[in-house]
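> So I've got this file, start.cif, and it contains mmCIF, C-alpha atoms:
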```cif
data_coords
loop_
_atom_site.label_atom_id
_atom_site.label_comp_id
_atom_site.auth_asym_id
_atom_site.auth_seq_id
_atom_site.Cartn_x
_atom_site.Cartn_y
_atom_site.Cartn_z
CA GLY T 80 125.32 148.69 33.85
CA GLU T 81 121.75 147.49 33.76
CA ASN T 82 118.96 149.65 35.17
CA VAL T 83 115.50 148.24 35.83
CA GLU T 84 112.51 150.45 36.54
CA GLN T 85 109.29 149.05 37.95
CA HIS T 86 105.77 150.50 38.16
CA PRO T 87 103.58 150.95 40.04
CA SER T 88 105.14 150.96 43.49
CA THR T 89 101.83 150.05 45.09
CA LEU T 90 98.79 148.36 43.59
CA SER T 91 95.47 147.66 45.23
CA VAL T 92 92.89 145.43 43.52
CA GLN T 93 89.68 143.71 44.48
CA GLU T 94 89.71 139.96 44.84
CA GLY T 95 89.06 138.35 41.47
CA ASP T 96 90.36 141.31 39.46
CA SER T 97 93.54 141.27 37.39
CA ALA T 98 96.81 142.94 38.35
CA VAL T 99 99.52 144.14 35.97
CA ILE T 100 103.04 145.20 36.94
CA LYS T 101 105.38 146.70 34.37
CA CYS T 102 109.15 146.89 34.15
CA THR T 103 111.62 148.44 31.73
CA TYR T 104 115.29 147.62 31.36
CA SER T 105 118.16 149.48 29.75
CA ASP T 106 120.76 146.90 28.70
CA SER T 107 119.99 145.25 25.37
CA ALA T 108 122.32 142.39 26.36
CA SER T 109 119.87 141.27 29.06
CA ASN T 110 118.24 138.01 28.07
CA TYR T 111 116.66 136.57 31.20
CA PHE T 112 113.78 138.14 33.12
CA PRO T 113 112.52 136.52 36.33
CA TRP T 114 109.80 137.68 38.68
CA TYR T 115 110.02 137.17 42.43
CA LYS T 116 107.36 137.30 45.12
CA GLN T 117 108.43 138.33 48.60
CA GLU T 118 106.16 138.11 51.60
CA LEU T 119 106.96 140.17 54.67
CA GLY T 120 110.05 138.85 56.42
CA LYS T 121 110.56 136.02 53.95
CA ARG T 122 112.91 135.17 51.13
CA PRO T 123 112.21 136.21 47.53
CA GLN T 124 110.65 133.29 45.68
CA LEU T 125 110.77 132.82 41.93
CA ILE T 126 107.25 132.70 40.50
CA ILE T 127 107.85 132.87 36.76
CA ASP T 128 110.62 133.73 34.34
CA ILE T 129 111.07 134.35 30.65
CA ARG T 130 114.00 134.31 28.26
CA SER T 131 114.51 136.78 25.46
CA ASN T 132 113.69 134.25 22.74
CA VAL T 133 110.11 134.01 24.00
CA GLY T 134 107.44 136.72 23.91
CA GLU T 135 105.02 135.32 26.42
CA LYS T 136 104.85 132.63 29.07
CA LYS T 137 101.94 131.52 31.21
CA ASP T 138 101.66 129.42 34.34
CA GLN T 139 98.11 129.05 35.62
CA ARG T 140 97.00 132.52 36.81
CA ILE T 141 100.36 134.15 36.15
CA ALA T 142 101.72 135.31 32.81
CA VAL T 143 104.69 137.35 31.70
CA THR T 144 105.11 139.21 28.43
CA LEU T 145 108.30 140.57 26.94
CA ASN T 146 108.83 143.23 24.30
CA LYS T 147 112.52 143.18 23.41
CA THR T 148 112.28 146.08 21.01
CA ALA T 149 110.80 148.39 23.62
CA LYS T 150 112.82 146.78 26.43
CA HIS T 151 109.87 146.19 28.67
CA PHE T 152 108.23 143.21 30.31
CA SER T 153 105.12 142.80 32.39
CA LEU T 154 103.62 140.47 34.97
CA HIS T 155 99.93 139.66 34.73
CA ILE T 156 98.03 138.02 37.57
CA THR T 157 94.44 137.03 36.86
CA GLU T 158 91.69 136.13 39.33
CA THR T 159 93.65 137.61 42.20
CA GLN T 160 93.33 136.09 45.64
CA PRO T 161 94.22 137.48 49.09
CA GLU T 162 97.26 135.18 49.23
CA ASP T 163 98.65 137.02 46.20
CA SER T 164 99.24 140.02 48.48
CA ALA T 165 103.02 140.55 48.66
CA VAL T 166 105.84 142.57 47.17
CA TYR T 167 106.71 141.59 43.61
CA PHE T 168 110.12 142.26 42.08
CA CYS T 169 111.10 142.09 38.44
CA ALA T 170 114.72 141.50 37.49
CA ALA T 171 116.94 141.29 34.44
CA SER T 172 120.24 139.60 33.73
CA ASN T 173 122.61 138.54 31.00
CA VAL T 174 122.93 134.79 31.34
CA GLY T 175 126.28 134.78 29.58
CA GLY T 176 127.57 137.48 31.92
CA GLY T 177 127.31 135.51 35.13
CA ASN T 178 123.56 135.82 35.50
CA LYS T 179 123.76 138.51 38.15
CA LEU T 180 120.31 139.95 38.58
CA THR T 181 119.43 143.63 38.59
CA PHE T 182 116.16 144.08 40.44
CA GLY T 183 113.42 146.64 40.15
CA THR T 184 112.29 148.56 43.22
CA GLY T 185 109.28 146.36 43.86
CA THR T 186 105.48 146.59 43.74
CA GLN T 187 103.42 146.17 46.89
CA LEU T 188 100.30 144.31 45.75
CA LYS T 189 97.29 144.30 48.05
CA VAL T 190 94.31 142.15 47.17
CA GLU T 191 91.24 143.33 49.05
CA LEU T 192 88.23 141.19 49.88
CA ASP N 263 116.78 120.14 53.65
CA THR N 264 117.58 120.85 50.03
CA GLY N 265 117.25 124.64 50.18
CA VAL N 266 119.79 127.41 50.68
CA SER N 267 120.67 127.85 54.35
CA GLN N 268 121.96 131.02 55.97
CA ASP N 269 123.28 131.51 59.45
CA PRO N 270 122.62 133.41 61.62
CA ARG N 271 119.11 134.62 60.85
CA HIS N 272 119.59 137.78 62.86
CA LYS N 273 122.67 139.62 64.04
CA ILE N 274 122.86 142.73 66.17
CA THR N 275 126.29 144.25 66.51
CA LYS N 276 127.87 147.43 67.74
CA ARG N 277 129.37 149.84 65.28
CA GLY N 278 133.00 149.03 64.63
CA GLN N 279 132.69 145.31 65.30
CA ASN N 280 133.34 142.60 62.72
CA VAL N 281 130.64 140.17 61.67
CA THR N 282 130.65 137.01 59.58
CA PHE N 283 127.73 135.32 57.87
CA ARG N 284 127.57 131.84 56.41
CA CYS N 285 125.69 130.46 53.42
CA ASP N 286 125.23 126.81 52.49
CA PRO N 287 123.95 126.54 48.91
CA ILE N 288 122.03 123.71 47.31
CA SER N 289 124.65 121.00 47.00
CA GLU N 290 124.57 120.56 43.23
CA HIS N 291 124.63 124.32 42.53
CA ASN N 292 128.08 125.60 41.64
CA ARG N 293 127.17 129.29 41.45
CA LEU N 294 126.67 131.24 44.67
CA TYR N 295 125.57 134.86 44.92
CA TRP N 296 125.43 137.43 47.71
CA TYR N 297 122.89 140.25 47.65
CA ARG N 298 121.99 143.01 50.08
CA GLN N 299 118.43 144.24 50.57
CA THR N 300 117.40 147.34 52.47
CA LEU N 301 113.85 148.13 53.52
CA GLY N 302 111.59 148.94 50.59
CA GLN N 303 114.20 148.15 47.96
CA GLY N 304 115.00 145.26 45.70
CA PRO N 305 118.05 143.09 46.37
CA GLU N 306 121.36 144.58 45.17
CA PHE N 307 124.12 142.38 43.79
CA LEU N 308 127.30 142.20 45.88
CA THR N 309 129.39 139.33 44.54
CA TYR N 310 129.27 135.85 43.07
CA PHE N 311 131.30 132.67 42.93
CA GLN N 312 131.54 129.88 40.44
CA ASN N 313 132.84 126.97 42.45
CA GLU N 314 135.62 128.50 44.59
CA ALA N 315 136.44 131.35 42.21
CA GLN N 316 135.06 134.80 43.00
CA LEU N 317 134.23 136.07 39.53
CA GLU N 318 132.72 139.48 40.13
CA LYS N 319 132.36 142.05 42.89
CA SER N 320 130.05 145.04 42.86
CA ARG N 321 131.26 148.55 43.52
CA LEU N 322 128.95 148.35 46.54
CA LEU N 323 131.41 145.92 48.09
CA SER N 324 133.84 148.22 49.88
CA ASP N 325 137.21 147.11 51.23
CA ARG N 326 135.51 146.31 54.52
CA PHE N 327 133.62 143.47 52.88
CA SER N 328 135.19 140.16 51.97
CA ALA N 329 133.65 136.95 50.76
CA GLU N 330 135.10 133.47 50.42
CA ARG N 331 134.05 130.10 49.18
CA PRO N 332 137.11 128.03 50.02
CA LYS N 333 136.08 124.59 48.80
CA GLY N 334 133.38 125.55 46.38
CA SER N 335 130.67 124.59 48.85
CA PHE N 336 129.64 126.97 51.65
CA SER N 337 130.50 130.67 51.56
CA THR N 338 131.20 133.31 54.17
CA LEU N 339 130.68 137.06 53.99
CA GLU N 340 132.64 139.14 56.48
CA ILE N 341 132.10 142.80 57.22
CA GLN N 342 134.86 144.53 59.13
CA ARG N 343 134.42 147.71 61.21
CA THR N 344 130.67 147.70 60.71
CA GLU N 345 128.84 150.99 60.13
CA GLN N 346 125.18 151.84 60.65
CA GLY N 347 124.76 151.96 56.88
CA ASP N 348 125.59 148.26 56.74
CA SER N 349 122.27 147.47 58.42
CA ALA N 350 120.34 145.40 55.88
CA MET N 351 119.20 141.90 54.96
CA TYR N 352 122.03 139.90 53.42
CA LEU N 353 120.70 137.31 51.02
CA CYS N 354 122.54 134.36 49.56
CA ALA N 355 121.38 132.53 46.46
CA SER N 356 122.61 129.63 44.40
CA SER N 357 122.06 128.33 40.89
CA PRO N 358 123.48 125.68 38.60
CA THR N 359 125.82 126.79 35.83
CA GLY N 360 124.42 127.02 32.36
CA GLU N 361 120.94 125.86 33.27
CA ILE N 362 118.83 128.67 34.58
CA ARG N 363 115.47 127.09 34.03
CA TYR N 364 114.77 127.45 37.71
CA GLY N 365 116.59 130.69 38.28
CA TYR N 366 118.03 131.45 41.65
CA THR N 367 117.06 129.88 44.91
CA PHE N 368 117.42 132.41 47.71
CA GLY N 369 118.12 131.67 51.33
CA SER N 370 116.09 133.24 54.12
CA GLY N 371 118.77 135.85 54.68
CA THR N 372 120.71 137.25 57.60
CA ARG N 373 119.28 140.47 59.01
CA LEU N 374 122.08 142.67 60.28
CA THR N 375 121.42 145.55 62.65
CA VAL N 376 124.33 147.82 63.53
CA VAL N 377 123.71 149.91 66.62
#
```
Output the file's structure in the form of structure tokens.


Amino acid sequence: GENVEQHPSTLSVQEGDSAVIKCTYSDSASNYFPWYKQELGKRPQLIIDIRSNVGEKKDQRIAVTLNKTAKHFSLHITETQPEDSAVYFCAASNVGGGNKLTFGTGTQLKVEL
Amino acid sequence: DTGVSQDPRHKITKRGQNVTFRCDPISEHNRLYWYRQTLGQGPEFLTYFQNEAQLEKSRLLSDRFSAERPKGSFSTLEIQRTEQGDSAMYLCASSPTGEIRYGYTFGSGTRLTVV
């Protein structure tokens, strides 16, 4: 089955700096890669996603890059703000295989003033 | 409310008791997923339905767990003879078939504590 590894487990940045979270996956059949943000005690919320036919996608301060050959993808947050503080999860799935997501272990992002 | 609803939000039960959780997906979504999340970990896939058909179950889903989606709308997840290791957040999610532009929408979860 799919295995997703995520690094770092914790990340502390100053407000206004950039944050980068990296994930690797093992199953070459995976073709959909979403990122979720989860605040304490709340549901995971989809913030951005990318399909395997695209190398990069951007939405305002958030961007995701995908390297299919190396089987890794990354989340980039620019101009970080205190409200970006949360746990971020990457995930991978095979859309044709039921789209069940395999999640990484999460990154606790703390944006300090 | 057009989101995914889960009930109850919290459940405390004694070891050995049975518990049942309910999930109401977004009405136009015909796929429904159950995940389990323990503290400090990412959600783990348990099972999913397309309409009323249960199409896949994880090895994590022991014989004590059963899920149903009788009319292709709401779903229930039952855990029989609960164990302390069952303590976790149980998340439900839904998505439309074939169009994953918006990915999953998760519910707020049911937090189970087995004492």

> Just so the selection is clear, what residues does the PyMOL selection byres ((chain T and resi 190) around 12) cover here, as number ranges by chain?

T: 89-98, 156-166, 187-189, 191-192

> One decimal, Å: what's the distance from atom CA of N:Gln316 over to atom CA of N:Trp296, could you say?

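Atom-to-atom, atom CA of N:Gln316 to atom CA of N:Trp296, that is 11.0 Å.
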
> Using the chain letters and numbering of this document, enumerate as a PyMOL selection string the residues selected by the PyMOL selection byres ((chain T) within 12 of (chain N)).

chain T and resi 80-85+88-89+110-130+166-187

> Enter the distance from atom CA of N:Val377 to atom CA of N:Ile341, in Å, rounded to one decimal.

14.5 Å

> Run the PyMOL selection byres ((chain N and resi 376) around 8) against the file shown and list the residues it catches, as an mmCIF file with C-alpha atoms, keeping the file's coordinate frame.


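Result written to selection-v2.cif:
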```
data_model
loop_
_atom_site.group_PDB
_atom_site.id
_atom_site.type_symbol
_atom_site.label_atom_id
_atom_site.label_comp_id
_atom_site.auth_asym_id
_atom_site.auth_seq_id
_atom_site.Cartn_x
_atom_site.Cartn_y
_atom_site.Cartn_z
ATOM 1 C CA ILE N 274 122.860 142.730 66.170
ATOM 2 C CA THR N 275 126.290 144.250 66.510
ATOM 3 C CA LYS N 276 127.870 147.430 67.740
ATOM 4 C CA ARG N 277 129.370 149.840 65.280
ATOM 5 C CA THR N 344 130.670 147.700 60.710
ATOM 6 C CA GLU N 345 128.840 150.990 60.130
ATOM 7 C CA GLN N 346 125.180 151.840 60.650
ATOM 8 C CA GLY N 347 124.760 151.960 56.880
ATOM 9 C CA ASP N 348 125.590 148.260 56.740
ATOM 10 C CA SER N 349 122.270 147.470 58.420
ATOM 11 C CA LEU N 374 122.080 142.670 60.280
ATOM 12 C CA THR N 375 121.420 145.550 62.650
ATOM 13 C CA VAL N 377 123.710 149.910 66.620
#
```

> Kindly give the distance, in Å, that separates atom CA of N:Thr300 and atom CA of N:Asn313, rounded to a single decimal.

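Taking atom CA of N:Thr300 as the start and atom CA of N:Asn313 as the end point, the length is 27.5 Å.
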
> Determine, counting all atoms listed in the file, which protein, DNA and RNA residues have an atom within 7 Å of an atom of T:Lys101; residues of the same chain fewer than 4 positions away are not included. Present the result as a count of residues only.

5

> Taking 2 positions as the minimum chain separation for residues in the same chain, which residues sit within 6 Å of stretch 264-270 of chain N when counting all atoms listed in the file? Answer as a ChimeraX atom specification.

/N:272,284-288,369,371-372

> Enclose stretch 267-276 of chain N, meaning all of its atoms listed in the file, in a box aligned along x, y and z, pad it by 8 Å on each side, and list the centre and edge lengths in Å to one decimal, as JSON.


```
{"center_x": 123.5, "center_y": 137.6, "center_z": 61.0, "size_x": 24.8, "size_y": 35.6, "size_z": 29.4}
```

> Take the point (112.6, 137.8, 23.2) as written in the file and pick out every residue within 12 Å of it, counting all atoms listed in the file; give the list as a list in words.

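Selection result: Ser107, Ala108, Ser109, Asn110, Tyr111, Phe112, Ile129, Arg130, Ser131, Asn132, Val133, Gly134, Glu135, Lys136, Val143, Thr144, Leu145, Asn146, Lys147, Thr148, Ala149, Lys150, His151 and Phe152 of chain T.
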